[in-house]
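A.B. asks: The structure follows.
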Protein chains: 2
Amino acid sequence: MAAAAPADHRAAALSALAAIRPPVGVIAERERLAAFEMDAYIQHRETPMAAVLPETEDQVRDIVRTLGRLGVPVISRGAGTGISGGATPTADGVMLVLTRMRRILATDAAARLATVEPGVPNARVSEAAEPAGLFFAPDPSSQVVSSIGGNVAENAGGVHCLKYGLTVHNVAGLRVIDGDGDLLELGGEALDSPGYDFLAIMNGSEGNLGVITRATLRLLPRPEATQTLLAGFGTVREAAQAVGAIIGAGVIPAGMEMMDRVVIDACERYMALGLPKAEALLLVEVDGGVEEADEMLATVRAILVSCGASDVRVAKDDAERANLWKSRKGAFAALASVMPDYYTLDGSVPRYALADVLDEIYALGREYGMVIGNVFHAGDGNMHPCIFYDANRAGELERSEELGGRILELCIDHGGTITGEHGVGIEKLKSMCLQFRDGEIAAFHDVKAAFDPAGILNPGKAVPTLKRCAEWGGLHVRAGRIPHPEIPRF
Amino acid sequence: MAAAAPADHRAAALSALAAIRPPVGVIAERERLAAFEMDAYIQHRETPMAAVLPETEDQVRDIVRTLGRLGVPVISRGAGTGISGGATPTADGVMLVLTRMRRILATDAAARLATVEPGVPNARVSEAAEPAGLFFAPDPSSQVVSSIGGNVAENAGGVHCLKYGLTVHNVAGLRVIDGDGDLLELGGEALDSPGYDFLAIMNGSEGNLGVITRATLRLLPRPEATQTLLAGFGTVREAAQAVGAIIGAGVIPAGMEMMDRVVIDACERYMALGLPKAEALLLVEVDGGVEEADEMLATVRAILVSCGASDVRVAKDDAERANLWKSRKGAFAALASVMPDYYTLDGSVPRYALADVLDEIYALGREYGMVIGNVFHAGDGNMHPCIFYDANRAGELERSEELGGRILELCIDHGGTITGEHGVGIEKLKSMCLQFRDGEIAAFHDVKAAFDPAGILNPGKAVPTLKRCAEWGGLHVRAGRIPHPEIPRF
């Protein structure tokens with residue numbers, strides 16, 4: 001926990017912010033600052049020195065320069081829905097809250113682009129594009145609330161990123177204020193941008209490299225037709241193998257979600273949906289032209305059956321489709337009814353490793369005597385194991401966190417990573433030491449210093465110091481992520 | 001021109017390279033070094049201090065560390081087909097030639113990935129993937145010769161990048177040795193990679209941030225069907241408008257190439273193809289499922305006619321398709337018959353600006369009294385104006401370069417950029433000063449220093465110093481690339 005700022009330091013910051021012209025909204029009263037004391041990572045809360053709410057890019061620049069001169073940390077925040085603690089305040093820092101910058105600035109149906117301010121909620125972009133038959137593909141489950149700036153900063157995913165990519169794949173350009181208070185224009189509408197490609201690096205940089213003031217988003221045509229299937233399997237392994245078989249057959253579903261027995265039972269108790277009796281469910285959605293979607297539906301159904309599915313249901317219309325999605329969409333609410341508390345992990349593995357990794361997760365659960373349920377984006381190997389615990393029992397929270405760490409190590413061992421779509425924030429700093437070599441972590445810090453020499457942008461998030469890694473026991477897990485020669489040839 | 005290294009400096013470097021174990025091939029004889037004195041940017045040649053030809057990643061690491069200790073510049077090179085001078089030697093530097101690292105290390109048909117060494121020629125990847133029904137999409141015209149490392153370093157494009165993206169969009173992971181001699185593993189097979197996303201930044205970094213030792217490439221399924229059309233238009237503007245209309249109708253062709261009258265005439269004289277009598281030709285290729293390709297063909301044909309095409313030819317089979325492509329593929333050879341010399345530019349503009357930019361290019365040609373022909377990737381706004389000149393006439397080369405600079409300024413003015421797919425190298429350093437703000441160029445240098453603190457990797461390429469920009473007259477062109485509010489709403 002950062003020490004609270006000395007009173008004179010705080011007074012100097014508030015007075016400097018008050019001098020910005022045109023005046024910018026500042027919140028300094030302790031009660032009103034409670035709204036910003038944590039994001040959706042609820043394990044840690046702290047009251048920031050102040051919150052500042054700019055309405056223009058120029059004000060953002062002036063805020064960064066003003067606080068930079070005083071050495072006061074700047075923590076950017078949108079709607080605060082991030083669940084890895086990327087927008088956790090520090091007592092010596094100021095929250096830069098971007099929710100007042102929520103204009104859709106420009107839309108271009110022919111170029112399929114929308115340029116928006118960072119505080120625009122994700123779902124509003126697709127709403128605005130709807131009359132033109134377009135949509136913005138990234139759809140984190142927080143999409144009604146979570147804002148584009150945060151989506152970009154955390155490189156958000158969603159159900160449909162198997163086919164349409166993460167946020168980084170759907171952003172054409174950004175305007176950013178870096179740690180020096182300089183405006184950087186990244187990417188744009190033209191094919192290529194010379195110089196080093198800073199666009200991707202800003203996606204997922206968790207407020208560490210710059211403050212996003214404007215984003216140009218790629219829009220996609222709404223598919224003509226959608227088909228949805230729900231299949232029950234006798235084993236988790238069969239369901240996992242079906243995932244690989246579908247992709248291997250050349251079908252890229254719009255979504256391919258898996259739920260195991262723990263989740264199925266919770267959904268059934270919570271919502272009485274009449275789900276297939278199964279050890280695992282696979283929910284597959286395909287979209288495209290009418291004939292294309294029909295063809296993919298037939299292919300997927302045949303593969304599901306050949307992989308051992310005992311009960312395959314196909315939605316006949318939108319109402320049935322909504323019904324098939326009910327279990328998946330209500331799963332996390334249902335899980336909350338199983339046990340008082342659960343801890344949701346986020347890691348990713350190569351698709352071929354899914355079945356083995358799931359086996360090993362269940363084995364770890366038995367070792368720790370803790371129940372683990374799995375409901376996740378199986379198509380892109382983005383796992384969300386949920387560890388159940390009772391926070392009122394001494395040591396259970398700590399054991400769930402330790403087990404979580406072991407599961408993330410499993411992901412690394414199988415050529416995967418410690419994140420899928422939730423970011424690192426403060427939650428996964430320790431796991432970063434397992435994922436990366438010393439030289440790689442040093443390179444992250446060097447690049448951070450290039451964009452933010454004074455280190456005032458969201459310090460302490462996303463990348464651990466090498467010193468902390470050493471204190472935590474150094475780098476004891478390593479697996480190459482770039483395939484080695486032993487992988488089979490065509 | 002860099003000063004030649006003093007003899008003792010050179011002797012020290014050669015002796016240090018000779019100490020690497022297992023021994024690495026070194027070329028030090030002046031005659032044999034002639035092979036490396038330029039790449040395909042033929043305006044500049046220089047003999048390097050030496051060339052070194054590693055066979056393994058460990059040798060690359062040892063070479064970078066060895067030369068780094070001595071402060072000797074390291075210039076990476078593959079096949080040397082780059083046309084912006086990215087692999088131009090300096091007299092005080094060593095060429096790191098990666099052509100002996102040419103193994104395809106791992107291929108995985110189910111995951112659609114191939115992992116290769118940097119010296120593998122582009123076309124060999126698709127050849128290897130062919131039995132599995134897959135291909136590697138980036139197809140620079142040099143693809144039979146040019147190697148993957150260079151393709152990544154220059155973020156190469158090609159005819160098909162309208163639909164399938166540039167190299168950066170087709171690379172899943174990289175292994176890189178940075179300027180400190182540290183191994184960085186970037187991206188990989190899993191959905192997300194935590195930490196700052198260094199994968200995209202390495203694409204197009206022109207050997208400035210690291211030496212690529214291994215690339216994991218995304219492969220795509222070969223399309224079932226392809227349809228090709230060639231259409232003649234009475235004006236260049238009509239052809240340019242047809243480009244926008246096709247994309248606006250929701251069709252993304254695999255390729256959409258344009259040629260103007262200068263190019264048509266040259267092709268006709270050179271190859272007697274019986275092309276449509278027209279001011280501009282548009283060559284459109286669509287691919288996909290059989291029905292899908294037929295549908296797109298019908299849509300494209302109708303749009304071409306409604307935009308004023310007088311003569312639309314559709315290939316009935318592969319032989320006719322090859323025939324329709326002859327003009328485009330032979331265009332540059334044909335242009336060489338028009339005038340003794342020509343200078344090919346590479347810039348990109350938003351698609352909506354194509355017609356206006358072409359008008360202004362012709363006006364500039366008239367102003368300079370020089371002929372300009374246009375043959376280019378119209379679908380993604382990647383222009384290649386060819387300026388004809390006679391190098392034997394005093395001042396003509398310089399005038400062509402000045403005119404080229406004016407055309408790149410035009411691209412910037414219209415929201416575009418000074419590159420499309422050829423990179424910056426040494427050719428476009430000056431134009432970089434027009435494209436970027438001081439703060440942006442400073443950020444490029446800061447990031448370069450993060451990866452290469454001693455500045456030994458390909459110094460002087462890709463990004464100009466701020467001092468040179470100031471000497472050249474500072475930043476006198478600026479246009480925002482991230483759209484401003486005046487763009488029309490849906």
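Every chain in the structure tokens takes a letter, A first, then B, and so on in the order presented; its residues are numbered from 1, and the ligands are numbered from 1 following the presented order.
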If we count only C-alpha atoms, which residues of chain B reach to within 6 Å of chain A? Please list them as a compact mmCIF listing (two decimals) with all heavy atoms, in the first residue's frame.

C.D. replies:
```txt
# COMPACT_ATOMS: atom_id res chain seq x y z
N LEU B 105 10.90 -25.33 -39.18
CA LEU B 105 11.15 -26.08 -37.94
C LEU B 105 9.96 -26.91 -37.50
O LEU B 105 10.11 -27.99 -36.96
CB LEU B 105 11.50 -25.10 -36.82
CG LEU B 105 12.78 -24.30 -37.02
CD1 LEU B 105 12.91 -23.24 -35.94
CD2 LEU B 105 13.99 -25.23 -37.00
N ALA B 106 8.77 -26.38 -37.65
CA ALA B 106 7.59 -27.05 -37.12
C ALA B 106 6.38 -26.60 -37.91
O ALA B 106 6.28 -25.42 -38.27
CB ALA B 106 7.41 -26.71 -35.65
N THR B 107 5.50 -27.54 -38.18
CA THR B 107 4.27 -27.18 -38.87
C THR B 107 3.14 -27.89 -38.17
O THR B 107 3.31 -29.00 -37.67
CB THR B 107 4.32 -27.61 -40.36
OG1 THR B 107 4.66 -28.99 -40.41
CG2 THR B 107 5.35 -26.80 -41.12
N ALA B 109 -0.90 -28.47 -38.89
CA ALA B 109 -2.05 -28.21 -39.76
C ALA B 109 -3.29 -27.87 -38.93
O ALA B 109 -4.07 -27.00 -39.32
CB ALA B 109 -2.31 -29.42 -40.65
N ALA B 110 -3.48 -28.53 -37.78
CA ALA B 110 -4.69 -28.29 -36.99
C ALA B 110 -4.70 -26.86 -36.44
O ALA B 110 -5.72 -26.18 -36.46
CB ALA B 110 -4.80 -29.30 -35.86
N ASP B 182 19.84 -10.32 -25.52
CA ASP B 182 18.86 -11.12 -24.78
C ASP B 182 17.83 -11.72 -25.74
O ASP B 182 17.43 -11.08 -26.71
CB ASP B 182 18.11 -10.25 -23.76
CG ASP B 182 18.93 -9.96 -22.52
OD1 ASP B 182 19.81 -10.79 -22.19
OD2 ASP B 182 18.71 -8.92 -21.87
N LEU B 184 14.16 -12.58 -26.64
CA LEU B 184 12.77 -12.20 -26.33
C LEU B 184 11.85 -13.13 -27.12
O LEU B 184 12.02 -13.32 -28.31
CB LEU B 184 12.49 -10.75 -26.74
CG LEU B 184 13.41 -9.66 -26.19
CD1 LEU B 184 12.95 -8.29 -26.71
CD2 LEU B 184 13.42 -9.67 -24.66
N GLY B 188 2.86 -15.92 -29.50
CA GLY B 188 2.86 -17.36 -29.34
C GLY B 188 1.52 -17.92 -29.76
O GLY B 188 0.72 -17.24 -30.41
N GLU B 189 1.26 -19.15 -29.36
CA GLU B 189 0.06 -19.82 -29.85
C GLU B 189 -1.17 -19.50 -29.02
O GLU B 189 -2.30 -19.68 -29.46
CB GLU B 189 0.33 -21.32 -29.86
CG GLU B 189 -0.57 -22.05 -30.82
CD GLU B 189 -0.16 -23.49 -30.97
OE1 GLU B 189 1.01 -23.83 -30.74
OE2 GLU B 189 -1.03 -24.28 -31.32
N ALA B 190 -0.97 -19.04 -27.77
CA ALA B 190 -2.12 -18.76 -26.91
C ALA B 190 -2.80 -17.46 -27.33
O ALA B 190 -2.21 -16.62 -27.99
CB ALA B 190 -1.67 -18.67 -25.45
N ASP B 192 -3.74 -14.70 -25.73
CA ASP B 192 -3.28 -13.41 -25.25
C ASP B 192 -1.87 -13.56 -24.71
O ASP B 192 -1.50 -14.60 -24.18
CB ASP B 192 -4.21 -12.94 -24.12
CG ASP B 192 -3.84 -11.53 -23.63
OD1 ASP B 192 -3.52 -10.69 -24.48
OD2 ASP B 192 -3.87 -11.30 -22.42
N TYR B 196 3.62 -5.84 -22.25
CA TYR B 196 3.39 -5.00 -23.43
C TYR B 196 3.56 -5.85 -24.69
O TYR B 196 4.43 -6.70 -24.77
CB TYR B 196 4.36 -3.82 -23.44
CG TYR B 196 4.34 -3.05 -22.14
CD1 TYR B 196 5.51 -2.78 -21.44
CD2 TYR B 196 3.14 -2.63 -21.59
CE1 TYR B 196 5.49 -2.10 -20.24
CE2 TYR B 196 3.11 -1.96 -20.37
CZ TYR B 196 4.29 -1.70 -19.70
OH TYR B 196 4.26 -1.04 -18.50
N ASP B 197 2.71 -5.60 -25.67
CA ASP B 197 2.66 -6.39 -26.90
C ASP B 197 3.81 -5.99 -27.82
O ASP B 197 3.73 -5.01 -28.55
CB ASP B 197 1.31 -6.15 -27.57
CG ASP B 197 1.12 -6.98 -28.83
OD1 ASP B 197 2.10 -7.54 -29.33
OD2 ASP B 197 -0.02 -7.06 -29.31
N ILE B 201 5.29 -4.50 -32.77
CA ILE B 201 6.34 -3.48 -32.87
C ILE B 201 7.56 -4.04 -33.60
O ILE B 201 8.31 -3.30 -34.24
CB ILE B 201 6.69 -2.96 -31.46
CG1 ILE B 201 7.10 -1.50 -31.52
CG2 ILE B 201 7.79 -3.74 -30.83
CD1 ILE B 201 7.34 -0.91 -30.16
N SER B 205 10.05 -3.09 -37.95
CA SER B 205 11.05 -2.32 -37.21
C SER B 205 12.39 -2.28 -37.94
O SER B 205 13.36 -1.71 -37.45
CB SER B 205 11.21 -2.86 -35.79
OG SER B 205 11.71 -4.17 -35.82
N GLY B 248 -17.69 -0.73 -50.31
CA GLY B 248 -18.89 -0.22 -49.64
C GLY B 248 -20.04 -1.21 -49.73
O GLY B 248 -20.92 -1.23 -48.86
N SER B 348 0.46 5.36 -48.88
CA SER B 348 -0.92 4.88 -48.79
C SER B 348 -1.86 5.99 -48.34
O SER B 348 -1.47 6.90 -47.60
CB SER B 348 -1.03 3.65 -47.89
OG SER B 348 -0.33 3.81 -46.68
N VAL B 349 -3.08 5.89 -48.84
CA VAL B 349 -4.10 6.89 -48.51
C VAL B 349 -5.40 6.17 -48.17
O VAL B 349 -5.61 5.03 -48.59
CB VAL B 349 -4.37 7.85 -49.70
CG1 VAL B 349 -3.11 8.67 -50.02
CG2 VAL B 349 -4.87 7.11 -50.93
N PRO B 350 -6.28 6.82 -47.39
CA PRO B 350 -7.60 6.22 -47.16
C PRO B 350 -8.29 6.04 -48.51
O PRO B 350 -8.14 6.87 -49.41
CB PRO B 350 -8.33 7.26 -46.31
CG PRO B 350 -7.26 8.10 -45.70
CD PRO B 350 -6.13 8.10 -46.68
N GLY B 416 -3.18 10.06 -45.24
CA GLY B 416 -2.46 8.81 -45.49
C GLY B 416 -1.06 8.84 -44.92
O GLY B 416 -0.74 9.67 -44.05
N GLY B 420 3.57 2.13 -47.77
CA GLY B 420 2.50 1.16 -47.90
C GLY B 420 3.01 -0.19 -47.48
O GLY B 420 2.54 -0.80 -46.54
N GLY B 439 7.52 15.03 -30.90
CA GLY B 439 7.31 14.12 -29.77
C GLY B 439 7.18 12.67 -30.21
O GLY B 439 7.60 11.76 -29.49
N GLU B 440 6.61 12.46 -31.38
CA GLU B 440 6.46 11.10 -31.89
C GLU B 440 7.81 10.53 -32.32
O GLU B 440 8.14 9.38 -32.03
CB GLU B 440 5.45 11.09 -33.04
CG GLU B 440 4.02 11.36 -32.55
CD GLU B 440 3.00 11.57 -33.66
OE1 GLU B 440 3.33 12.23 -34.68
OE2 GLU B 440 1.86 11.11 -33.49
N ASP B 446 13.27 6.75 -28.24
CA ASP B 446 13.26 6.23 -26.86
C ASP B 446 13.00 4.72 -26.87
O ASP B 446 13.61 3.97 -26.09
CB ASP B 446 12.20 6.94 -26.02
CG ASP B 446 12.54 8.41 -25.77
OD1 ASP B 446 13.72 8.79 -25.95
OD2 ASP B 446 11.63 9.17 -25.40
N VAL B 447 12.08 4.28 -27.72
CA VAL B 447 11.77 2.85 -27.76
C VAL B 447 12.93 2.07 -28.39
O VAL B 447 13.30 0.98 -27.93
CB VAL B 447 10.45 2.60 -28.51
CG1 VAL B 447 10.27 1.13 -28.85
CG2 VAL B 447 9.28 3.09 -27.64
N ALA B 450 15.29 1.47 -25.77
CA ALA B 450 14.86 0.45 -24.81
C ALA B 450 15.28 -0.94 -25.28
O ALA B 450 15.70 -1.77 -24.48
CB ALA B 450 13.34 0.52 -24.63
N ARG B 481 -4.12 11.75 -38.54
CA ARG B 481 -4.50 10.48 -39.14
C ARG B 481 -5.69 9.85 -38.43
O ARG B 481 -6.34 8.98 -38.96
CB ARG B 481 -3.31 9.51 -39.16
CG ARG B 481 -2.37 9.75 -40.33
CD ARG B 481 -1.08 9.00 -40.19
NE ARG B 481 -0.31 9.56 -39.09
CZ ARG B 481 -0.02 8.88 -37.98
NH1 ARG B 481 -0.40 7.66 -37.82
NH2 ARG B 481 0.67 9.48 -37.02
N ILE B 482 -5.93 10.28 -37.19
CA ILE B 482 -7.08 9.76 -36.45
C ILE B 482 -8.23 10.72 -36.67
O ILE B 482 -8.16 11.88 -36.27
CB ILE B 482 -6.75 9.64 -34.94
CG1 ILE B 482 -5.44 8.90 -34.73
CG2 ILE B 482 -7.90 8.97 -34.19
CD1 ILE B 482 -5.38 7.54 -35.37
N PRO B 485 -13.83 15.28 -35.82
CA PRO B 485 -15.29 15.23 -35.76
C PRO B 485 -16.04 15.58 -37.05
O PRO B 485 -17.22 15.28 -37.15
CB PRO B 485 -15.62 16.24 -34.65
CG PRO B 485 -14.43 16.21 -33.76
CD PRO B 485 -13.27 16.03 -34.69
N ILE B 487 -16.08 14.29 -39.88
CA ILE B 487 -16.45 13.19 -40.77
C ILE B 487 -17.94 12.85 -40.60
O ILE B 487 -18.45 12.84 -39.49
CB ILE B 487 -15.54 11.97 -40.52
CG1 ILE B 487 -14.14 12.30 -41.07
CG2 ILE B 487 -16.09 10.71 -41.16
CD1 ILE B 487 -13.23 11.14 -41.16
N ARG B 489 -21.64 11.36 -40.12
CA ARG B 489 -22.21 10.26 -39.33
C ARG B 489 -22.83 9.22 -40.25
O ARG B 489 -23.04 9.46 -41.43
CB ARG B 489 -23.28 10.82 -38.39
CG ARG B 489 -22.77 11.88 -37.43
CD ARG B 489 -21.79 11.30 -36.45
NE ARG B 489 -22.42 10.26 -35.65
CZ ARG B 489 -22.93 10.45 -34.44
NH1 ARG B 489 -22.88 11.63 -33.91
NH2 ARG B 489 -23.49 9.46 -33.77
N PHE B 490 -23.18 8.09 -39.68
CA PHE B 490 -23.90 7.06 -40.45
C PHE B 490 -25.17 7.65 -41.02
O PHE B 490 -25.85 8.42 -40.34
CB PHE B 490 -24.27 5.88 -39.56
CG PHE B 490 -23.08 5.10 -39.10
CD1 PHE B 490 -22.80 5.01 -37.76
CD2 PHE B 490 -22.23 4.49 -40.00
CE1 PHE B 490 -21.71 4.28 -37.30
CE2 PHE B 490 -21.14 3.78 -39.55
CZ PHE B 490 -20.87 3.67 -38.20
```

A.B. asks: Extract the full set of helix (DSSP H, G or I) residues from region 13-246 of chain A according to DSSP on the backbone, and format it as JSON, numbers by chain.

C.D. replies: {"A": [13, 14, 15, 16, 17, 18, 30, 31, 32, 33, 34, 35, 36, 57, 58, 59, 60, 61, 62, 63, 64, 65, 66, 67, 68, 69, 70, 122, 123, 124, 125, 126, 127, 128, 129, 130, 131, 132, 148, 149, 150, 151, 152, 153, 161, 162, 163, 164, 167, 168, 169, 170, 198, 199, 200, 201, 202, 236, 237, 238, 239, 240, 241, 242, 243, 244, 245, 246]}

A.B. asks: From a DSSP pass on the backbone, collect the residues of region 170-277 of chain B flagged as strand (DSSP E or B) and hand them back as a PyMOL selection string.

C.D. replies: chain B and resi 171-178+183-187+210-218+220-221+225-233+255-260

A.B. asks: Would you put the residues from that selection into a file with N, CA, C and O atoms, as a compact mmCIF listing (two decimals), in the first residue's frame?

C.D. replies:
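This is the output file part_15.txt:
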```txt
# COMPACT_ATOMS: atom_id res chain seq x y z
N VAL B 171 1.50 -13.05 -38.49
CA VAL B 171 2.57 -13.58 -37.64
C VAL B 171 2.00 -13.79 -36.24
O VAL B 171 1.45 -12.87 -35.66
N ALA B 172 2.12 -15.01 -35.73
CA ALA B 172 1.58 -15.32 -34.39
C ALA B 172 2.63 -15.17 -33.31
O ALA B 172 2.30 -14.91 -32.16
N GLY B 173 3.90 -15.36 -33.67
CA GLY B 173 4.94 -15.29 -32.65
C GLY B 173 6.31 -15.09 -33.27
O GLY B 173 6.53 -15.38 -34.45
N LEU B 174 7.22 -14.56 -32.48
CA LEU B 174 8.60 -14.34 -32.93
C LEU B 174 9.55 -14.67 -31.79
O LEU B 174 9.23 -14.47 -30.63
N ARG B 175 10.74 -15.15 -32.16
CA ARG B 175 11.87 -15.14 -31.23
C ARG B 175 12.88 -14.15 -31.79
O ARG B 175 13.16 -14.15 -32.99
N VAL B 176 13.40 -13.32 -30.90
CA VAL B 176 14.20 -12.18 -31.31
C VAL B 176 15.39 -12.04 -30.36
O VAL B 176 15.24 -12.25 -29.16
N ILE B 177 16.55 -11.70 -30.89
CA ILE B 177 17.69 -11.31 -30.04
C ILE B 177 17.74 -9.79 -30.07
O ILE B 177 17.90 -9.18 -31.13
N ASP B 178 17.61 -9.16 -28.88
CA ASP B 178 17.62 -7.70 -28.85
C ASP B 178 19.05 -7.15 -28.82
O ASP B 178 20.02 -7.92 -28.88
N LEU B 183 17.38 -12.93 -25.42
CA LEU B 183 16.33 -13.57 -26.21
C LEU B 183 14.97 -13.08 -25.73
O LEU B 183 14.66 -13.14 -24.54
N LEU B 184 14.16 -12.58 -26.64
CA LEU B 184 12.77 -12.20 -26.33
C LEU B 184 11.85 -13.13 -27.12
O LEU B 184 12.02 -13.32 -28.31
N GLU B 185 10.86 -13.68 -26.40
CA GLU B 185 9.87 -14.52 -27.06
C GLU B 185 8.58 -13.71 -27.12
O GLU B 185 8.04 -13.32 -26.09
N LEU B 186 8.09 -13.42 -28.30
CA LEU B 186 6.97 -12.50 -28.46
C LEU B 186 5.76 -13.22 -29.03
O LEU B 186 5.88 -13.96 -30.00
N GLY B 187 4.58 -12.99 -28.42
CA GLY B 187 3.37 -13.65 -28.91
C GLY B 187 3.44 -15.13 -28.64
O GLY B 187 4.03 -15.58 -27.65
N GLY B 210 15.72 -5.61 -32.96
CA GLY B 210 16.15 -6.96 -32.65
C GLY B 210 16.41 -7.73 -33.93
O GLY B 210 16.05 -7.29 -35.02
N VAL B 211 17.06 -8.89 -33.76
CA VAL B 211 17.32 -9.78 -34.90
C VAL B 211 16.35 -10.95 -34.78
O VAL B 211 16.33 -11.64 -33.76
N ILE B 212 15.54 -11.14 -35.79
CA ILE B 212 14.53 -12.20 -35.76
C ILE B 212 15.22 -13.54 -35.99
O ILE B 212 15.92 -13.73 -36.98
N THR B 213 15.02 -14.48 -35.07
CA THR B 213 15.66 -15.79 -35.21
C THR B 213 14.66 -16.90 -35.50
O THR B 213 15.04 -18.00 -35.88
N ARG B 214 13.38 -16.61 -35.29
CA ARG B 214 12.36 -17.64 -35.52
C ARG B 214 11.01 -16.95 -35.62
O ARG B 214 10.75 -15.99 -34.89
N ALA B 215 10.17 -17.41 -36.55
CA ALA B 215 8.84 -16.80 -36.71
C ALA B 215 7.79 -17.90 -36.78
O ALA B 215 7.97 -18.88 -37.50
N THR B 216 6.72 -17.71 -36.01
CA THR B 216 5.57 -18.62 -36.11
C THR B 216 4.51 -17.90 -36.93
O THR B 216 4.03 -16.83 -36.55
N LEU B 217 4.20 -18.49 -38.09
CA LEU B 217 3.35 -17.83 -39.09
C LEU B 217 1.96 -18.45 -39.11
O LEU B 217 1.82 -19.67 -39.00
N ARG B 218 0.95 -17.61 -39.26
CA ARG B 218 -0.42 -18.10 -39.41
C ARG B 218 -0.63 -18.56 -40.85
O ARG B 218 -0.26 -17.85 -41.79
N LEU B 220 -3.54 -20.00 -43.74
CA LEU B 220 -4.98 -19.92 -44.03
C LEU B 220 -5.37 -21.05 -44.98
O LEU B 220 -4.55 -21.53 -45.76
N PRO B 221 -6.64 -21.47 -44.90
CA PRO B 221 -7.10 -22.49 -45.85
C PRO B 221 -7.14 -21.92 -47.27
O PRO B 221 -7.58 -20.77 -47.45
N ALA B 225 -12.68 -21.49 -54.42
CA ALA B 225 -12.93 -20.94 -55.76
C ALA B 225 -12.39 -19.51 -55.86
O ALA B 225 -12.38 -18.78 -54.88
N THR B 226 -11.97 -19.16 -57.06
CA THR B 226 -11.46 -17.81 -57.34
C THR B 226 -12.12 -17.30 -58.62
O THR B 226 -12.31 -18.07 -59.56
N GLN B 227 -12.51 -16.04 -58.63
CA GLN B 227 -13.06 -15.42 -59.84
C GLN B 227 -12.31 -14.11 -60.08
O GLN B 227 -12.02 -13.37 -59.14
N THR B 228 -12.01 -13.86 -61.36
CA THR B 228 -11.19 -12.69 -61.70
C THR B 228 -11.86 -11.89 -62.82
O THR B 228 -12.33 -12.47 -63.80
N LEU B 229 -11.90 -10.57 -62.63
CA LEU B 229 -12.48 -9.68 -63.64
C LEU B 229 -11.47 -8.59 -64.00
O LEU B 229 -10.70 -8.14 -63.15
N LEU B 230 -11.52 -8.15 -65.27
CA LEU B 230 -10.73 -7.01 -65.71
C LEU B 230 -11.70 -6.02 -66.38
O LEU B 230 -12.46 -6.42 -67.26
N ALA B 231 -11.66 -4.77 -65.93
CA ALA B 231 -12.61 -3.79 -66.45
C ALA B 231 -11.90 -2.53 -66.92
O ALA B 231 -10.96 -2.07 -66.26
N GLY B 232 -12.35 -1.98 -68.05
CA GLY B 232 -11.79 -0.74 -68.57
C GLY B 232 -12.71 0.44 -68.27
O GLY B 232 -13.94 0.31 -68.35
N PHE B 233 -12.11 1.57 -67.89
CA PHE B 233 -12.90 2.78 -67.58
C PHE B 233 -12.44 3.95 -68.45
O PHE B 233 -11.25 4.04 -68.79
N GLY B 255 -7.91 -9.30 -54.17
CA GLY B 255 -7.02 -8.29 -54.74
C GLY B 255 -7.82 -7.32 -55.59
O GLY B 255 -8.84 -7.70 -56.18
N MET B 256 -7.40 -6.07 -55.63
CA MET B 256 -8.08 -5.07 -56.47
C MET B 256 -7.01 -4.09 -56.93
O MET B 256 -6.59 -3.21 -56.19
N GLU B 257 -6.55 -4.27 -58.16
CA GLU B 257 -5.39 -3.56 -58.70
C GLU B 257 -5.83 -2.59 -59.77
O GLU B 257 -6.73 -2.88 -60.55
N MET B 258 -5.15 -1.46 -59.82
CA MET B 258 -5.50 -0.45 -60.81
C MET B 258 -4.28 -0.10 -61.66
O MET B 258 -3.15 -0.13 -61.16
N MET B 259 -4.51 0.19 -62.94
CA MET B 259 -3.44 0.64 -63.85
C MET B 259 -3.97 1.79 -64.66
O MET B 259 -5.12 1.73 -65.12
N ASP B 260 -3.16 2.83 -64.87
CA ASP B 260 -3.64 3.95 -65.67
C ASP B 260 -3.12 3.85 -67.11
O ASP B 260 -2.42 2.91 -67.48
```

A.B. asks: Mind giving me the straight-line distance from CA of Ala293 (chain A) to CA of Glu295 (chain B) in Å, one decimal?

C.D. replies: 15.5 Å

A.B. asks: Quote the spacing between CA of Ser400 (chain A) and CA of Ile387 (chain A) in Å to one decimal place.

C.D. replies: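 According to the coordinates, CA of Ser400 (chain A) and CA of Ile387 (chain A) are separated by 6.4 Å.
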
A.B. asks: Excluding same-chain residues fewer than 4 positions from Leu358 (chain A), what lies within 9 Å of it counting only C-alpha atoms, as a VMD selection string?

C.D. replies: chain A and resid 236 to 237 240 353 to 354 362 to 363 374

A.B. asks: For Ser310 (chain A), which of A:Ser431, A:Gln43, A:Thr235, A:Thr99 is the closest residue, counting only C-alpha atoms?

C.D. replies: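 The answer is A:Thr235, which sits nearest to Ser310 (chain A).
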
A.B. asks: Just how far from CA of Leu304 (chain B) is CA of Ala239 (chain B), in Å to one decimal?

C.D. replies: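 If I compute the distance from CA of Ala239 (chain B) to CA of Leu304 (chain B), I get 8.2 Å.
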